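Written below as structure tokens is the structure these notes are about.
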Amino acid sequence: MDKLHPEEGYWREKIEQLQLIRFKNTLERAKKSPFYAKKLKHIAAEDIKSLQDIQNIPFTTKDDLREHYPYGFLTVSRDKLVRLHASSGTTGAPTAVLYTENDLNTWADLMARCLYMVGVRRQDVFQNMTGYGLFTGGLGLHYGAERLGCLTIPAGAGNSKRQIKLLQDFEVTVVHIIPSYALHLATVFEQLGLEPKSFNLRIFLIGAEPHTEETRRRIEQIYGVKAFNSYGLSEMNGPGVAFECPYQNGMHVWEDAYLAEILDPHTLTPVADGKVGELVFTTLAREAMPLIRYRTKDLTRFLTGKCACGRAHKRIDRITGRTDDMIILKGVNIYPMQVEKILMSMQEVGQNYLIELYKEGHLDQMRVKVEIKEEFFEEDMRKLKALQTKIAKRLREEILITPRVELVEHNSLPKTEGKAVRVIDLR
Ligand code: AMP
Ligand code: ZN
């Protein structure tokens, strides 16, 4: 780790002192729930002398949440609850997350902090283009933006033409949007003959799903905005766990509310800063449903060095994948984001793609369907063939196997209003 500036060292120490106090409180509180009363029976807050001692505490997993659904993690009486959310269920049965009024307040403050950090102010008009309902991206950002004092438009997901009309009529300056939907919306602007850059847009908050730096740059170029990466998960309230600052070099974790560890997913011991591992979180300010050492399955690393913005909060790199979305093909490990990185850096490639895994005889194969921009699709066969070969070659350099590449017409692949489905397994 780089040597810390004395002032930064001071603030890190302060953060860690606060974390230790809050961790102990969390531990005691958690033991009021049926799940932790049993699980942590032999562990007392007095046993925790330093943040290192956390290594001796057992993990909590998504399966634990499922098995103790719906109220097994609750530490308050049910009449104190005011809200329920659920994880999006892209990876299995949903789990419920419960909030007291204090929890909603803490969450709104954290969200407002994120927005303020990237330059959102009360004069801004904020349009929230993610799904409301059980998904946390809707109400989570909504309450944060209202707390900051923005005119807040709960547009919800989908209905692209109406979205664009709202953006135009209310001179929206800030948008929260899932990156794959931001790319899709660009094609609707095109159909309508409208230029996004002529709108009043200034800031995009993009997150809820993995995406690459190339995708971010694309979104920034299309809309003429700055786009900031927003990370969270419903088990930790939702968005507002880690967020990029104006320097766009990793996401600061709000360590007063969440204790982050990055562990080797096999040995479950900490990896060195700068090395990729699985993110594990402990809530430090959660009332209804504290979670201790929750295994997210998200892969990232702590960034070393200090951030130019001066914040002492640790930064994590963008999420490169999940321990459970790795594709193993012909003995090679591949993450969908490696494919996205290549595709989104090629100007001929349109705004969507899909990876399909299938069997040919006994062999596993990968097919990548790639939307091509309209102007390139009108090229003659020979040129299309050459483009197909070029994409396959570029992919091979990144993922070490040659997938079958299929060029498809722009706007022809299925799209979702929520998190994009990038891989279909037909095996
Ligand atoms: P959910 O609880 O259903 O909202 O899903 C949370 C999951 O979405 C996280 O564990 C990540 O896998 C993913 N996710 C959320 N935000 C991001 C982000 N900014 N980058 C990559 N993945 C994200
Ligand atoms: Zn920063």
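Going by the structure tokens order, chains are called A, B, ..., each with residues numbered from 1, while ligands are numbered from 1 in the order shown.
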Name each residue within 8 Å of ligand 1, counting only C-alpha atoms and all ligand atoms, as a ChimeraX atom specification. /A:86-90,135-137,206-211,229-235,238-239,243,296-298,318-322
Ligand 2: which residues are within 6 Å, counting only C-alpha atoms and all ligand atoms, as a compact mmCIF listing (two decimals) with all heavy atoms, in the first residue's frame?
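Written output follows (pocket34.txt):
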```txt
# COMPACT_ATOMS: atom_id res chain seq x y z
N CYS A 245 -16.65 9.02 -7.67
CA CYS A 245 -16.57 10.46 -7.44
C CYS A 245 -16.27 11.13 -8.78
O CYS A 245 -16.14 10.46 -9.78
CB CYS A 245 -15.49 10.75 -6.39
SG CYS A 245 -13.81 10.55 -7.01
N TYR A 247 -13.76 12.01 -10.16
CA TYR A 247 -12.55 11.55 -10.83
C TYR A 247 -12.73 10.23 -11.58
O TYR A 247 -11.85 9.80 -12.31
CB TYR A 247 -11.37 11.49 -9.84
CG TYR A 247 -10.94 12.88 -9.45
CD1 TYR A 247 -11.52 13.53 -8.38
CD2 TYR A 247 -10.00 13.57 -10.22
CE1 TYR A 247 -11.17 14.83 -8.05
CE2 TYR A 247 -9.64 14.87 -9.90
CZ TYR A 247 -10.24 15.50 -8.82
OH TYR A 247 -9.89 16.78 -8.51
N CYS A 307 -7.17 8.94 -3.71
CA CYS A 307 -7.98 9.53 -4.77
C CYS A 307 -7.76 11.04 -4.77
O CYS A 307 -7.68 11.67 -3.70
CB CYS A 307 -9.45 9.21 -4.54
SG CYS A 307 -10.49 9.80 -5.89
N ALA A 308 -7.72 11.61 -5.96
CA ALA A 308 -7.47 13.05 -6.09
C ALA A 308 -8.56 13.89 -5.43
O ALA A 308 -8.35 15.07 -5.13
CB ALA A 308 -7.36 13.41 -7.57
N CYS A 309 -9.73 13.29 -5.18
CA CYS A 309 -10.82 14.07 -4.57
C CYS A 309 -10.57 14.30 -3.08
O CYS A 309 -11.23 15.15 -2.47
CB CYS A 309 -12.16 13.37 -4.76
SG CYS A 309 -12.42 11.96 -3.66
N ARG A 311 -11.09 12.18 -0.61
CA ARG A 311 -11.84 11.32 0.32
C ARG A 311 -10.95 10.15 0.77
O ARG A 311 -10.23 9.58 -0.04
CB ARG A 311 -13.10 10.76 -0.35
CG ARG A 311 -14.19 11.77 -0.49
CD ARG A 311 -15.41 11.22 -1.22
NE ARG A 311 -16.35 12.32 -1.41
CZ ARG A 311 -16.24 13.23 -2.36
NH1 ARG A 311 -15.25 13.16 -3.23
NH2 ARG A 311 -17.11 14.22 -2.45
```
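The residue that comes closest to Val76 (chain A), out of A:Ala288, A:Ile222, A:Ile54, A:Ile327 and on the basis of only C-alpha atoms, is A:Ala288.
The space between CA of Leu104 (chain A) and CA of Ala257 (chain A) spans 12.9 Å.
In terms of minimum interatomic distance to Asp273 (chain A), A:Arg301 ranks closest within A:Arg301, A:Arg427, A:His362, A:Lys161, counting only C-alpha atoms.
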Using only C-alpha atoms, the residue out of A:Thr106, A:Thr215, A:Ser412, A:Thr300 with shortest distance to Gly250 (chain A) is A:Thr300
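Among the candidates A:Glu371, A:Asp169, A:Glu101, A:Glu146, the one nearest to Val120 (chain A) when counting only C-alpha atoms is A:Glu146.
The set of residues in region 163-209 of chain A assigned to helix (DSSP H, G or I) by DSSP, using only backbone atoms of this structure, is Gln163, Ile164, Lys165, Leu166, Leu167, Gln168, Asp169, Pro179, Ser180, Tyr181, Ala182, Leu183, His184, Leu185, Ala186, Thr187, Val188, Phe189, Glu190, Gln191, Pro196, Lys197 and Ser198 of chain A.
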Expected file: the selected residues, N, CA and C atoms, as a PDB file, in the first residue's frame:
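Final file, selection-v5.pdb:
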```pdb
ATOM      1  N   GLN A 163     -40.312   8.482 -21.977  1.00  0.00           N
ATOM      2  CA  GLN A 163     -39.089   8.907 -21.269  1.00  0.00           C
ATOM      3  C   GLN A 163     -38.481  10.125 -21.962  1.00  0.00           C
ATOM      4  N   ILE A 164     -38.375   9.992 -23.287  1.00  0.00           N
ATOM      5  CA  ILE A 164     -37.702  11.055 -24.046  1.00  0.00           C
ATOM      6  C   ILE A 164     -38.531  12.343 -23.991  1.00  0.00           C
ATOM      7  N   LYS A 165     -39.835  12.192 -24.028  1.00  0.00           N
ATOM      8  CA  LYS A 165     -40.704  13.373 -23.943  1.00  0.00           C
ATOM      9  C   LYS A 165     -40.528  14.078 -22.589  1.00  0.00           C
ATOM     10  N   LEU A 166     -40.461  13.277 -21.523  1.00  0.00           N
ATOM     11  CA  LEU A 166     -40.251  13.870 -20.193  1.00  0.00           C
ATOM     12  C   LEU A 166     -38.895  14.586 -20.124  1.00  0.00           C
ATOM     13  N   LEU A 167     -37.880  13.933 -20.676  1.00  0.00           N
ATOM     14  CA  LEU A 167     -36.536  14.534 -20.664  1.00  0.00           C
ATOM     15  C   LEU A 167     -36.573  15.906 -21.320  1.00  0.00           C
ATOM     16  N   GLN A 168     -37.305  15.951 -22.439  1.00  0.00           N
ATOM     17  CA  GLN A 168     -37.355  17.175 -23.226  1.00  0.00           C
ATOM     18  C   GLN A 168     -38.219  18.249 -22.533  1.00  0.00           C
ATOM     19  N   ASP A 169     -39.443  17.849 -22.180  1.00  0.00           N
ATOM     20  CA  ASP A 169     -40.398  18.835 -21.646  1.00  0.00           C
ATOM     21  C   ASP A 169     -39.926  19.446 -20.333  1.00  0.00           C
ATOM     22  N   PRO A 179     -27.232   0.761 -17.563  1.00  0.00           N
ATOM     23  CA  PRO A 179     -26.431   1.027 -18.768  1.00  0.00           C
ATOM     24  C   PRO A 179     -26.951   0.364 -20.047  1.00  0.00           C
ATOM     25  N   SER A 180     -27.416  -0.888 -19.961  1.00  0.00           N
ATOM     26  CA  SER A 180     -27.903  -1.524 -21.196  1.00  0.00           C
ATOM     27  C   SER A 180     -29.139  -0.795 -21.728  1.00  0.00           C
ATOM     28  N   TYR A 181     -29.926  -0.240 -20.817  1.00  0.00           N
ATOM     29  CA  TYR A 181     -31.102   0.511 -21.267  1.00  0.00           C
ATOM     30  C   TYR A 181     -30.691   1.870 -21.853  1.00  0.00           C
ATOM     31  N   ALA A 182     -29.630   2.457 -21.312  1.00  0.00           N
ATOM     32  CA  ALA A 182     -29.129   3.723 -21.862  1.00  0.00           C
ATOM     33  C   ALA A 182     -28.724   3.534 -23.321  1.00  0.00           C
ATOM     34  N   LEU A 183     -28.119   2.381 -23.622  1.00  0.00           N
ATOM     35  CA  LEU A 183     -27.715   2.124 -24.999  1.00  0.00           C
ATOM     36  C   LEU A 183     -28.937   1.887 -25.875  1.00  0.00           C
ATOM     37  N   HIS A 184     -29.910   1.169 -25.338  1.00  0.00           N
ATOM     38  CA  HIS A 184     -31.129   0.939 -26.110  1.00  0.00           C
ATOM     39  C   HIS A 184     -31.866   2.257 -26.372  1.00  0.00           C
ATOM     40  N   LEU A 185     -31.949   3.093 -25.351  1.00  0.00           N
ATOM     41  CA  LEU A 185     -32.666   4.370 -25.493  1.00  0.00           C
ATOM     42  C   LEU A 185     -32.046   5.222 -26.605  1.00  0.00           C
ATOM     43  N   ALA A 186     -30.738   5.078 -26.788  1.00  0.00           N
ATOM     44  CA  ALA A 186     -30.061   5.827 -27.853  1.00  0.00           C
ATOM     45  C   ALA A 186     -30.643   5.469 -29.216  1.00  0.00           C
ATOM     46  N   THR A 187     -31.021   4.200 -29.385  1.00  0.00           N
ATOM     47  CA  THR A 187     -31.572   3.797 -30.685  1.00  0.00           C
ATOM     48  C   THR A 187     -32.970   4.394 -30.874  1.00  0.00           C
ATOM     49  N   VAL A 188     -33.682   4.633 -29.778  1.00  0.00           N
ATOM     50  CA  VAL A 188     -35.006   5.246 -29.885  1.00  0.00           C
ATOM     51  C   VAL A 188     -34.872   6.737 -30.244  1.00  0.00           C
ATOM     52  N   PHE A 189     -33.887   7.400 -29.655  1.00  0.00           N
ATOM     53  CA  PHE A 189     -33.597   8.788 -30.051  1.00  0.00           C
ATOM     54  C   PHE A 189     -33.387   8.853 -31.560  1.00  0.00           C
ATOM     55  N   GLU A 190     -32.605   7.883 -32.041  1.00  0.00           N
ATOM     56  CA  GLU A 190     -32.275   7.858 -33.467  1.00  0.00           C
ATOM     57  C   GLU A 190     -33.537   7.712 -34.309  1.00  0.00           C
ATOM     58  N   GLN A 191     -34.386   6.744 -33.904  1.00  0.00           N
ATOM     59  CA  GLN A 191     -35.641   6.529 -34.650  1.00  0.00           C
ATOM     60  C   GLN A 191     -36.483   7.793 -34.696  1.00  0.00           C
ATOM     61  N   PRO A 196     -29.626  13.467 -28.655  1.00  0.00           N
ATOM     62  CA  PRO A 196     -29.573  13.575 -27.195  1.00  0.00           C
ATOM     63  C   PRO A 196     -28.710  14.743 -26.700  1.00  0.00           C
ATOM     64  N   LYS A 197     -27.668  15.054 -27.459  1.00  0.00           N
ATOM     65  CA  LYS A 197     -26.763  16.125 -27.009  1.00  0.00           C
ATOM     66  C   LYS A 197     -27.439  17.489 -27.016  1.00  0.00           C
ATOM     67  N   SER A 198     -28.553  17.609 -27.764  1.00  0.00           N
ATOM     68  CA  SER A 198     -29.231  18.910 -27.803  1.00  0.00           C
ATOM     69  C   SER A 198     -30.156  19.081 -26.594  1.00  0.00           C
TER      70      SER A 198
END
```
I want to know what sits within 9 Å of Arg147 (chain A), based on only C-alpha atoms, with residues of the same chain fewer than 3 positions away left out; could you give that as a count of residues only? 8
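Using only C-alpha atoms, the protein and nucleic acid residues lying no more than 7 Å from Val125 (chain A), apart from those fewer than 6 places from it along its own chain, are Cys150, Leu151, Thr152, Val172, Thr173 and Val174 of chain A.
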Dump as a PDB file, in the first residue's frame, selection limited to C-alpha atoms:
```pdb
ATOM      1  CA  CYS A 150     -34.225  17.895  -6.786  1.00  0.00           C
ATOM      2  CA  LEU A 151     -37.413  17.927  -8.794  1.00  0.00           C
ATOM      3  CA  THR A 152     -37.726  14.150  -9.012  1.00  0.00           C
ATOM      4  CA  VAL A 172     -34.047  17.051 -17.244  1.00  0.00           C
ATOM      5  CA  THR A 173     -30.397  17.377 -16.209  1.00  0.00           C
ATOM      6  CA  VAL A 174     -29.738  14.170 -14.244  1.00  0.00           C
TER       7      VAL A 174
END
```
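For the pair CA of Gly350 (chain A) and CA of Glu409 (chain A), the interatomic distance is 8.8 Å.
One distance worth recording is that between CA of Gln248 (chain A) and CA of Glu8 (chain A), which is 19.4 Å.
Shortest atom-to-atom contact with Gly331 (chain A) among A:Leu363, A:Ile178, A:Ala272, A:Thr75: A:Leu363, counting only C-alpha atoms.
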